[in-house]
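Pasting input_7.txt here (compact mmCIF, C-alpha atoms and all ligand atoms):
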# COMPACT_ATOMS: atom_id res chain seq x y z
CA MET A 1 -21.72 -7.32 -6.26
CA GLN A 2 -24.10 -10.21 -5.86
CA PRO A 3 -23.13 -13.40 -7.68
CA SER A 4 -25.39 -14.02 -10.69
CA LYS A 5 -27.45 -17.06 -9.81
CA TYR A 6 -30.09 -16.92 -12.54
CA ARG A 7 -27.68 -17.86 -15.26
CA PRO A 8 -25.97 -21.20 -15.76
CA THR A 9 -22.38 -20.02 -15.24
CA ARG A 10 -20.90 -21.65 -12.13
CA ALA A 11 -17.59 -22.15 -10.42
CA THR A 12 -17.90 -25.45 -8.59
CA ILE A 13 -15.45 -25.97 -5.76
CA SER A 14 -14.70 -29.41 -4.43
CA LEU A 15 -13.96 -28.96 -0.73
CA LYS A 16 -13.01 -32.62 -0.65
CA ALA A 17 -10.27 -31.95 -3.17
CA ILE A 18 -8.93 -29.13 -0.98
CA GLY A 19 -8.95 -31.47 2.02
CA GLY A 20 -7.23 -34.19 -0.01
CA ASN A 21 -4.55 -31.77 -1.20
CA LEU A 22 -3.95 -30.66 2.37
CA SER A 23 -3.51 -34.26 3.58
CA GLN A 24 -1.23 -35.03 0.68
CA VAL A 25 1.15 -32.16 1.48
CA GLN A 26 0.90 -32.75 5.23
CA ALA A 27 2.02 -36.34 4.75
CA GLY A 28 5.34 -35.07 3.43
CA LEU A 29 5.97 -32.60 6.28
CA PRO A 30 7.71 -33.17 9.62
CA LYS A 31 5.27 -34.12 12.40
CA GLU A 32 5.81 -30.93 14.40
CA THR A 33 5.10 -28.67 11.41
CA GLU A 34 1.71 -27.00 11.58
CA VAL A 35 -0.21 -25.84 8.53
CA PHE A 36 -1.69 -22.37 8.15
CA ALA A 37 -3.94 -22.22 5.10
CA VAL A 38 -3.43 -19.11 2.98
CA VAL A 39 -6.90 -17.84 2.09
CA LYS A 40 -6.12 -14.30 0.90
CA ALA A 41 -7.82 -12.93 -2.21
CA ASP A 42 -11.06 -14.79 -1.47
CA ALA A 43 -9.12 -18.06 -1.12
CA TYR A 44 -7.57 -17.53 -4.55
CA GLY A 45 -11.03 -17.11 -6.03
CA HIS A 46 -12.47 -20.22 -4.37
CA GLY A 47 -14.56 -18.29 -1.83
CA VAL A 48 -12.96 -17.59 1.53
CA VAL A 49 -15.78 -18.31 3.96
CA PRO A 50 -16.79 -21.80 2.77
CA VAL A 51 -13.15 -22.79 2.28
CA ALA A 52 -12.08 -21.55 5.72
CA ARG A 53 -15.08 -23.13 7.45
CA TYR A 54 -14.26 -26.43 5.78
CA LEU A 55 -10.59 -26.23 6.75
CA ALA A 56 -11.14 -24.94 10.30
CA ASP A 57 -10.83 -28.36 11.94
CA LYS A 58 -7.96 -29.43 9.67
CA VAL A 59 -5.39 -26.63 9.97
CA ALA A 60 -3.72 -24.71 12.80
CA GLY A 61 -4.58 -21.26 11.46
CA PHE A 62 -5.10 -19.00 8.47
CA CYS A 63 -2.96 -16.44 6.66
CA VAL A 64 -4.38 -13.46 4.79
CA SER A 65 -2.83 -10.41 3.23
CA ASN A 66 -4.73 -7.62 4.97
CA LEU A 67 -6.85 -6.84 7.99
CA ASP A 68 -10.17 -6.75 6.15
CA GLU A 69 -9.62 -10.31 4.99
CA ALA A 70 -8.89 -11.34 8.56
CA LEU A 71 -12.04 -9.61 9.83
CA GLU A 72 -14.13 -11.42 7.23
CA LEU A 73 -12.94 -14.69 8.75
CA ARG A 74 -13.72 -13.57 12.30
CA GLN A 75 -17.17 -12.38 11.20
CA ALA A 76 -17.76 -15.83 9.72
CA GLY A 77 -17.10 -17.32 13.14
CA ILE A 78 -13.57 -18.58 12.53
CA GLU A 79 -11.78 -18.70 15.88
CA LEU A 80 -8.40 -20.11 14.85
CA PRO A 81 -5.24 -17.99 14.82
CA ILE A 82 -5.15 -15.62 11.85
CA LEU A 83 -1.99 -13.96 10.60
CA VAL A 84 -2.05 -10.84 8.44
CA MET A 85 1.14 -11.28 6.40
CA GLY A 86 1.58 -7.69 5.24
CA PRO A 87 1.94 -4.36 7.07
CA ILE A 88 -1.41 -2.82 7.92
CA TRP A 89 -2.63 0.71 8.35
CA ILE A 90 -1.83 1.74 11.90
CA GLU A 91 -5.48 2.74 12.41
CA GLY A 92 -6.32 -0.96 12.23
CA VAL A 93 -4.14 -2.04 15.16
CA PRO A 94 -6.81 -1.66 17.90
CA VAL A 95 -9.25 -3.65 15.74
CA ALA A 96 -6.69 -6.42 15.30
CA ILE A 97 -6.03 -6.54 19.05
CA ALA A 98 -9.75 -6.64 19.83
CA GLU A 99 -10.32 -9.46 17.34
CA GLY A 100 -7.25 -11.48 18.33
CA ILE A 101 -5.71 -11.15 14.88
CA SER A 102 -1.92 -11.46 14.62
CA LEU A 103 -0.08 -8.77 12.74
CA THR A 104 3.25 -8.67 10.95
CA ILE A 105 5.89 -6.12 11.84
CA THR A 106 7.97 -5.45 8.75
CA SER A 107 9.97 -2.33 9.65
CA GLN A 108 11.09 -0.22 12.55
CA GLU A 109 9.58 2.86 10.92
CA TRP A 110 6.09 1.32 11.06
CA LEU A 111 6.56 0.42 14.71
CA GLU A 112 7.84 3.90 15.61
CA GLN A 113 4.86 5.45 13.87
CA ALA A 114 2.48 3.16 15.71
CA ILE A 115 4.05 3.93 19.08
CA GLY A 116 4.42 7.61 18.13
CA THR A 117 0.67 8.02 17.60
CA GLY A 118 0.17 6.96 21.20
CA LEU A 119 -1.32 3.59 20.33
CA ASP A 120 -1.49 1.04 23.07
CA LEU A 121 0.14 -2.12 21.69
CA THR A 122 -0.66 -4.17 24.77
CA GLY A 123 -1.81 -7.60 23.64
CA MET A 124 -0.92 -7.09 20.00
CA HIS A 125 0.27 -10.48 18.79
CA PHE A 126 2.85 -10.17 16.09
CA HIS A 127 5.17 -12.02 13.74
CA VAL A 128 8.35 -10.41 12.49
CA LYS A 129 9.06 -10.55 8.77
CA VAL A 130 12.63 -11.09 7.65
CA ASP A 131 13.56 -9.91 4.15
CA SER A 132 16.11 -12.62 3.43
CA GLY A 133 16.52 -11.64 -0.21
CA MET A 134 13.16 -11.03 -1.84
CA GLY A 135 13.56 -7.26 -1.48
CA ARG A 136 9.91 -6.65 -0.73
CA ILE A 137 8.64 -6.34 2.85
CA GLY A 138 10.50 -7.20 6.03
CA PHE A 139 13.67 -6.41 7.94
CA ARG A 140 16.85 -6.47 5.93
CA GLU A 141 19.13 -5.51 8.85
CA THR A 142 19.37 -7.83 11.83
CA ALA A 143 20.25 -5.02 14.25
CA GLU A 144 17.11 -3.12 13.26
CA LEU A 145 15.06 -6.28 13.67
CA LEU A 146 16.42 -6.91 17.16
CA SER A 147 15.84 -3.38 18.36
CA SER A 148 12.31 -3.39 16.92
CA LEU A 149 11.61 -6.67 18.64
CA GLU A 150 12.64 -5.16 21.95
CA MET A 151 10.67 -1.99 21.31
CA ALA A 152 7.50 -3.91 20.44
CA GLN A 153 7.73 -6.12 23.49
CA GLU A 154 8.39 -3.14 25.74
CA ALA A 155 5.21 -1.60 24.35
CA GLY A 156 3.31 -4.69 25.48
CA ALA A 157 3.08 -6.55 22.17
CA VAL A 158 3.45 -10.33 22.14
CA PHE A 159 6.18 -11.89 19.97
CA GLU A 160 4.51 -14.92 18.43
CA GLY A 161 6.32 -15.70 15.20
CA ILE A 162 9.11 -14.97 12.77
CA PHE A 163 9.08 -15.67 9.07
CA THR A 164 10.54 -15.11 5.67
CA HIS A 165 9.41 -15.68 2.09
CA PHE A 166 11.34 -17.12 -0.83
CA ALA A 167 11.53 -15.58 -4.28
CA THR A 168 12.49 -18.71 -6.22
CA ALA A 169 11.22 -21.77 -4.34
CA ASP A 170 9.27 -22.74 -7.46
CA GLU A 171 12.31 -22.78 -9.74
CA VAL A 172 14.79 -25.48 -10.68
CA ASP A 173 17.78 -23.21 -9.91
CA ASP A 174 18.06 -23.14 -6.11
CA ARG A 175 20.99 -20.75 -5.62
CA LEU A 176 18.99 -17.74 -4.42
CA PHE A 177 16.78 -20.04 -2.38
CA LEU A 178 19.78 -21.40 -0.47
CA THR A 179 21.19 -17.92 0.12
CA GLN A 180 17.84 -16.80 1.54
CA LEU A 181 17.56 -19.87 3.77
CA GLU A 182 21.08 -19.32 5.11
CA ARG A 183 20.26 -15.69 5.83
CA PHE A 184 17.09 -16.66 7.71
CA HIS A 185 19.04 -19.19 9.80
CA GLN A 186 21.54 -16.47 10.69
CA VAL A 187 18.73 -14.25 11.96
CA LEU A 188 17.22 -17.09 14.00
CA GLN A 189 20.57 -17.73 15.63
CA VAL A 190 20.87 -14.24 17.08
CA LEU A 191 17.33 -14.07 18.46
CA PRO A 192 17.24 -14.01 22.27
CA ALA A 193 14.54 -16.71 22.13
CA LEU A 194 12.54 -18.38 19.37
CA PRO A 195 8.85 -17.49 19.23
CA ARG A 196 6.00 -20.02 19.01
CA TRP A 197 6.05 -20.12 15.21
CA VAL A 198 8.98 -20.08 12.82
CA HIS A 199 7.99 -20.32 9.17
CA ALA A 200 9.42 -19.89 5.71
CA SER A 201 7.41 -22.14 3.41
CA ASN A 202 4.82 -21.27 0.85
CA SER A 203 3.44 -24.16 -1.25
CA ALA A 204 6.51 -24.46 -3.46
CA THR A 205 8.88 -24.53 -0.49
CA ALA A 206 6.74 -27.09 1.37
CA LEU A 207 6.63 -29.29 -1.75
CA TRP A 208 10.18 -29.07 -3.00
CA HIS A 209 12.35 -27.83 -0.10
CA GLY A 210 11.49 -29.93 2.94
CA GLU A 211 14.58 -28.62 4.73
CA ALA A 212 12.81 -25.26 5.20
CA ALA A 213 9.64 -26.52 6.90
CA PHE A 214 10.49 -25.27 10.44
CA ASN A 215 7.39 -25.63 12.64
CA MET A 216 4.78 -23.96 10.45
CA VAL A 217 4.07 -23.68 6.72
CA ARG A 218 1.85 -21.28 4.81
CA LEU A 219 0.03 -23.24 2.11
CA GLY A 220 -1.94 -21.46 -0.59
CA ASN A 221 -1.77 -22.51 -4.23
CA VAL A 222 -1.28 -26.26 -3.71
CA LEU A 223 -4.34 -26.53 -1.45
CA TYR A 224 -6.40 -25.47 -4.42
CA GLY A 225 -4.75 -28.17 -6.53
CA LEU A 226 -2.53 -25.93 -8.58
CA ASN A 227 1.15 -26.34 -9.39
CA PRO A 228 2.99 -23.28 -8.01
CA SER A 229 5.81 -23.82 -10.50
CA GLY A 230 3.58 -23.95 -13.57
CA HIS A 231 5.35 -26.59 -15.62
CA SER A 232 8.84 -26.44 -14.10
CA LEU A 233 8.57 -28.89 -11.21
CA GLN A 234 6.46 -31.99 -10.73
CA LEU A 235 3.57 -32.08 -8.24
CA PRO A 236 3.23 -35.20 -6.12
CA SER A 237 0.53 -37.45 -7.52
CA GLY A 238 -2.89 -37.02 -5.98
CA ILE A 239 -2.99 -33.22 -5.99
CA GLU A 240 -6.29 -32.34 -7.63
CA PRO A 241 -7.63 -29.00 -8.91
CA ALA A 242 -10.51 -27.95 -6.67
CA LEU A 243 -12.30 -25.57 -9.01
CA SER A 244 -14.17 -26.20 -12.20
CA LEU A 245 -15.89 -23.56 -14.27
CA THR A 246 -18.92 -24.44 -16.33
CA SER A 247 -21.79 -22.81 -18.14
CA GLU A 248 -24.37 -23.73 -20.77
CA LEU A 249 -25.19 -22.83 -24.32
CA VAL A 250 -27.88 -20.15 -24.20
CA GLN A 251 -28.27 -19.81 -27.98
CA VAL A 252 -27.17 -21.85 -30.97
CA LYS A 253 -27.49 -20.79 -34.57
CA GLN A 254 -26.26 -21.85 -37.96
CA LEU A 255 -24.67 -19.03 -39.92
CA ALA A 256 -23.93 -18.92 -43.61
CA SER A 257 -20.41 -18.70 -44.94
CA GLY A 258 -18.96 -15.19 -44.65
CA ALA A 259 -20.94 -14.16 -41.54
CA LYS A 260 -19.19 -11.91 -39.05
CA ILE A 261 -19.06 -12.64 -35.32
CA GLY A 262 -18.77 -10.24 -32.38
CA TYR A 263 -17.35 -6.77 -31.75
CA GLY A 264 -14.94 -5.62 -34.39
CA ALA A 265 -16.15 -8.43 -36.66
CA THR A 266 -12.83 -10.17 -36.07
CA TYR A 267 -14.12 -13.58 -37.11
CA GLU A 268 -15.78 -14.57 -40.34
CA THR A 269 -17.32 -17.99 -40.88
CA ALA A 270 -15.44 -19.96 -43.52
CA ASP A 271 -18.40 -22.19 -44.26
CA ARG A 272 -21.84 -22.84 -42.88
CA GLU A 273 -21.01 -22.96 -39.16
CA TRP A 274 -22.82 -23.66 -35.92
CA ILE A 275 -22.14 -20.86 -33.47
CA GLY A 276 -23.05 -21.12 -29.79
CA THR A 277 -23.25 -18.32 -27.24
CA VAL A 278 -22.12 -18.86 -23.63
CA PRO A 279 -22.99 -16.37 -20.85
CA ILE A 280 -19.54 -15.61 -19.50
CA GLY A 281 -17.21 -12.78 -20.47
CA TYR A 282 -14.40 -10.55 -19.38
CA ALA A 283 -16.42 -9.19 -16.48
CA ASP A 284 -16.34 -12.73 -15.12
CA GLY A 285 -12.61 -13.13 -15.65
CA VAL A 286 -12.53 -14.59 -19.15
CA LEU A 287 -10.08 -12.03 -20.46
CA ARG A 288 -10.31 -10.73 -24.02
CA ARG A 289 -7.03 -12.42 -24.80
CA MET A 290 -8.80 -15.77 -24.36
CA GLN A 291 -10.09 -15.33 -27.92
CA GLY A 292 -8.83 -18.37 -29.82
CA PHE A 293 -8.76 -20.58 -26.70
CA SER A 294 -11.18 -23.50 -26.62
CA VAL A 295 -13.92 -24.73 -24.31
CA LEU A 296 -15.43 -28.21 -24.05
CA VAL A 297 -18.86 -29.26 -25.29
CA GLU A 298 -19.81 -32.94 -25.24
CA GLY A 299 -16.14 -33.80 -24.75
CA GLU A 300 -14.99 -31.83 -27.78
CA LEU A 301 -12.81 -28.74 -27.95
CA CYS A 302 -14.70 -25.81 -29.45
CA PRO A 303 -12.79 -22.60 -30.20
CA ILE A 304 -13.83 -19.19 -28.90
CA VAL A 305 -14.43 -17.27 -32.12
CA GLY A 306 -14.82 -13.53 -32.32
CA ARG A 307 -14.09 -11.17 -29.46
CA VAL A 308 -14.76 -12.00 -25.85
CA SER A 309 -17.51 -9.58 -24.78
CA MET A 310 -18.15 -8.32 -21.27
CA ASP A 311 -20.88 -10.89 -20.68
CA GLN A 312 -20.65 -13.46 -23.46
CA ILE A 313 -18.42 -15.55 -25.63
CA THR A 314 -19.22 -17.15 -28.95
CA ILE A 315 -17.88 -20.59 -29.79
CA ARG A 316 -17.76 -22.68 -32.98
CA LEU A 317 -19.62 -25.95 -32.56
CA PRO A 318 -19.11 -29.11 -34.63
CA GLN A 319 -22.91 -29.52 -34.92
CA SER A 320 -26.14 -28.21 -33.50
CA PHE A 321 -26.65 -28.62 -29.77
CA ALA A 322 -29.71 -27.82 -27.67
CA ILE A 323 -29.86 -24.75 -25.47
CA GLY A 324 -28.82 -25.90 -22.00
CA THR A 325 -25.99 -28.13 -23.23
CA LYS A 326 -23.13 -28.00 -20.72
CA VAL A 327 -20.01 -26.02 -21.58
CA THR A 328 -16.83 -26.63 -19.56
CA LEU A 329 -14.25 -23.87 -19.37
CA ILE A 330 -12.12 -25.35 -16.58
CA GLY A 331 -12.50 -29.01 -15.64
CA THR A 332 -13.28 -32.33 -17.28
CA ASN A 333 -15.94 -32.90 -19.91
CA GLY A 334 -16.00 -36.36 -21.49
CA ARG A 335 -12.44 -37.45 -22.07
CA GLN A 336 -10.96 -33.95 -22.18
CA THR A 337 -9.80 -31.65 -19.40
CA LEU A 338 -8.99 -27.94 -19.38
CA THR A 339 -7.03 -26.52 -16.45
CA ALA A 340 -6.32 -23.10 -14.98
CA GLN A 341 -2.77 -23.77 -16.15
CA ASP A 342 -4.02 -24.07 -19.75
CA TRP A 343 -5.65 -20.66 -19.31
CA ALA A 344 -2.44 -19.29 -17.82
CA ASP A 345 -0.41 -20.60 -20.76
CA LYS A 346 -2.81 -18.95 -23.18
CA GLN A 347 -2.57 -15.65 -21.27
CA ASP A 348 1.18 -15.91 -20.75
CA THR A 349 0.72 -15.70 -16.99
CA ILE A 350 0.57 -17.94 -13.90
CA ASN A 351 -2.33 -20.09 -12.68
CA TYR A 352 -2.67 -17.94 -9.53
CA GLU A 353 -3.68 -14.94 -11.59
CA VAL A 354 -6.28 -16.84 -13.59
CA LEU A 355 -8.29 -17.95 -10.55
CA CYS A 356 -7.88 -14.68 -8.60
CA LEU A 357 -9.40 -12.89 -11.57
CA LEU A 358 -12.60 -14.94 -11.59
CA SER A 359 -14.93 -12.19 -10.50
CA ASP A 360 -17.61 -12.05 -7.82
CA ARG A 361 -20.23 -12.24 -10.56
CA VAL A 362 -19.49 -15.92 -11.02
CA ALA A 363 -21.65 -17.86 -8.57
CA ARG A 364 -19.70 -20.40 -6.50
CA GLU A 365 -21.12 -23.76 -5.53
CA TYR A 366 -19.55 -26.20 -3.10
CA GLU A 367 -19.26 -29.96 -3.11
CA LYS A 368 -18.20 -31.76 0.05
C1 LIG B 1 0.59 -15.69 -0.78
C2 LIG B 1 1.65 -16.04 0.19
C3 LIG B 1 1.88 -17.38 0.54
C4 LIG B 1 1.21 -18.53 -0.14
O1 LIG B 1 1.86 -18.81 -1.34
P1 LIG B 1 1.47 -20.06 -2.25
O2 LIG B 1 2.49 -20.06 -3.31
O3 LIG B 1 0.11 -19.78 -2.77
O4 LIG B 1 1.49 -21.25 -1.36
C5 LIG B 1 2.82 -17.63 1.54
N1 LIG B 1 3.49 -16.62 2.13
C6 LIG B 1 3.32 -15.33 1.79
C7 LIG B 1 4.10 -14.28 2.48
C8 LIG B 1 2.40 -15.00 0.81
O5 LIG B 1 2.22 -13.72 0.46
Can you turn what I pasted into structure tokens?
Amino acid sequence: MQPSKYRPTRATISLKAIGGNLSQVQAGLPKETEVFAVVKADAYGHGVVPVARYLADKVAGFCVSNLDEALELRQAGIELPILVMGPIWIEGVPVAIAEGISLTITSQEWLEQAIGTGLDLTGMHFHVKVDSGMGRIGFRETAELLSSLEMAQEAGAVFEGIFTHFATADEVDDRLFLTQLERFHQVLQVLPALPRWVHASNSATALWHGEAAFNMVRLGNVLYGLNPSGHSLQLPSGIEPALSLTSELVQVKQLASGAKIGYGATYETADREWIGTVPIGYADGVLRRMQGFSVLVEGELCPIVGRVSMDQITIRLPQSFAIGTKVTLIGTNGRQTLTAQDWADKQDTINYEVLCLLSDRVAREYEK
């Protein structure tokens, strides 16, 4: 889908804010720790190519979740190391080798299948994933990990990294976190040799568990200026949201008392009311459950009244405003600010989900 440019709805991404957030987190990390920027899911909705190009001279590499995302970076001319953090379809291995993309080996079964199909793994750079307690992907058994490591290297693959992922690094209770860290240390101790990169930190770990930095961290959420813990733990000062979402009033009308608004006629004006229409809807990522949330016009909160449609929302205005008046959905307008976290609270979800769900229809613009 092409982004819709001939309408006023825009996500504006401050690359400078992303750079500032990176520096801020980097300042708290050990000197030898290198940063890989996590730019999966279109850089959490911020647009992967512009974000990665901007970060290319500021980070050591990029992490993505699948091979297609890695290829998009290579096609955009990104030459830094790229790690695909999840298991890929075996058919993709030759492509990864050709493009110099590092893969993750998460199980012996995957490796046996790859070798069993007669694939040549020569030159396949890989990281090994340790399941230290998240129960998702990775090796649970050390013996299996060690024999897979040997098998992969015998097949010509290059052991480049080992990593794990924490389930609760963003929570106040650190019991499971410490168990996972201990488990990861145990695995490291029995390795014949440590690879180039050892990593365990996502944003939350890098921010709140410095003891797990090792020599590489995988930063996603915090680069975009979000708090990975929601409200539980405090971000260092100076972390700034990178994305704002704005639009404009495209129609404003005064309705008499008792007028119905939108599908299902779920809202009825209580008085003579000014109602404005804004060209953004659930197809853009403003979910239907955002009904009742507010947006900002001239620094004032204006409630979304009536259903969220696919392409439009209707808002109650305190007075008449001209067509073209700015509407802020995420960001600052006058003295008020709305954040992705406010959206998440309204939707009973996490800020990650809110920005990932901003669809391709929303045109992105970049500020340096
Ligand atoms: C997405 C992801 C990250 C980044 O997490 P943030 O909380 O956004 O920093 C790191 N590691 C793995 C394995 C991931 O899947």
Can you list, as an NGL selection string, every protein, DNA or RNA residue that comes within 8 Å of stretch 54-67 of chain A when you count all atoms listed in the file, leaving out same-chain residues fewer than 5 positions away? :A and (15 or 19 or 34-41 or 78 or 80-88 or 92 or 96 or 218)
Close residues to ligand LIG 1 (chain B) using all atoms listed in the file, limit 7 Å, as number ranges by chain: A: 38, 65, 85, 165, 201-204, 218-222, 228
Give me a file of those residues, with C-alpha atoms, as an mmCIF file, in the frame of the given file.
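So the final result, stored in again.cif, reads:
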data_model
loop_
_atom_site.group_PDB
_atom_site.id
_atom_site.type_symbol
_atom_site.label_atom_id
_atom_site.label_comp_id
_atom_site.auth_asym_id
_atom_site.auth_seq_id
_atom_site.Cartn_x
_atom_site.Cartn_y
_atom_site.Cartn_z
ATOM 1 C CA VAL A 38 -3.430 -19.110 2.980
ATOM 2 C CA SER A 65 -2.830 -10.410 3.230
ATOM 3 C CA MET A 85 1.140 -11.280 6.400
ATOM 4 C CA HIS A 165 9.410 -15.680 2.090
ATOM 5 C CA SER A 201 7.410 -22.140 3.410
ATOM 6 C CA ASN A 202 4.820 -21.270 0.850
ATOM 7 C CA SER A 203 3.440 -24.160 -1.250
ATOM 8 C CA ALA A 204 6.510 -24.460 -3.460
ATOM 9 C CA ARG A 218 1.850 -21.280 4.810
ATOM 10 C CA LEU A 219 0.030 -23.240 2.110
ATOM 11 C CA GLY A 220 -1.940 -21.460 -0.590
ATOM 12 C CA ASN A 221 -1.770 -22.510 -4.230
ATOM 13 C CA VAL A 222 -1.280 -26.260 -3.710
ATOM 14 C CA PRO A 228 2.990 -23.280 -8.010
#
Restricting the calculation to all atoms listed in the file, which member of A:Asn351, A:Thr269, A:Gln319, A:Thr117 is positioned closest to A:Glu300? A:Gln319
From atom CA of A:Leu181 to atom CA of A:Leu235 the spacing works out at 22.1 Å
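Proximity to A:Ala152 was assessed for A:Arg175, A:Thr106, A:Val130, A:Ala76 counting all atoms listed in the file; the smallest distance is recorded for A:Thr106.
Checking A:Pro8, A:Gly292, A:Pro30, A:Pro50 one by one against A:Phe214, counting only C-alpha atoms, you find the shortest gap at A:Pro30.
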Within 8 Å of A:Lys346 using all atoms listed in the file, minus same-chain residues under 4 positions, as a VMD selection string: chain A and resid 289 to 290 293 342
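Across A:Val158, A:Ile275, A:Ala283, A:Val295, the tightest approach to A:Lys326 is made by A:Val295 when counting all atoms listed in the file.
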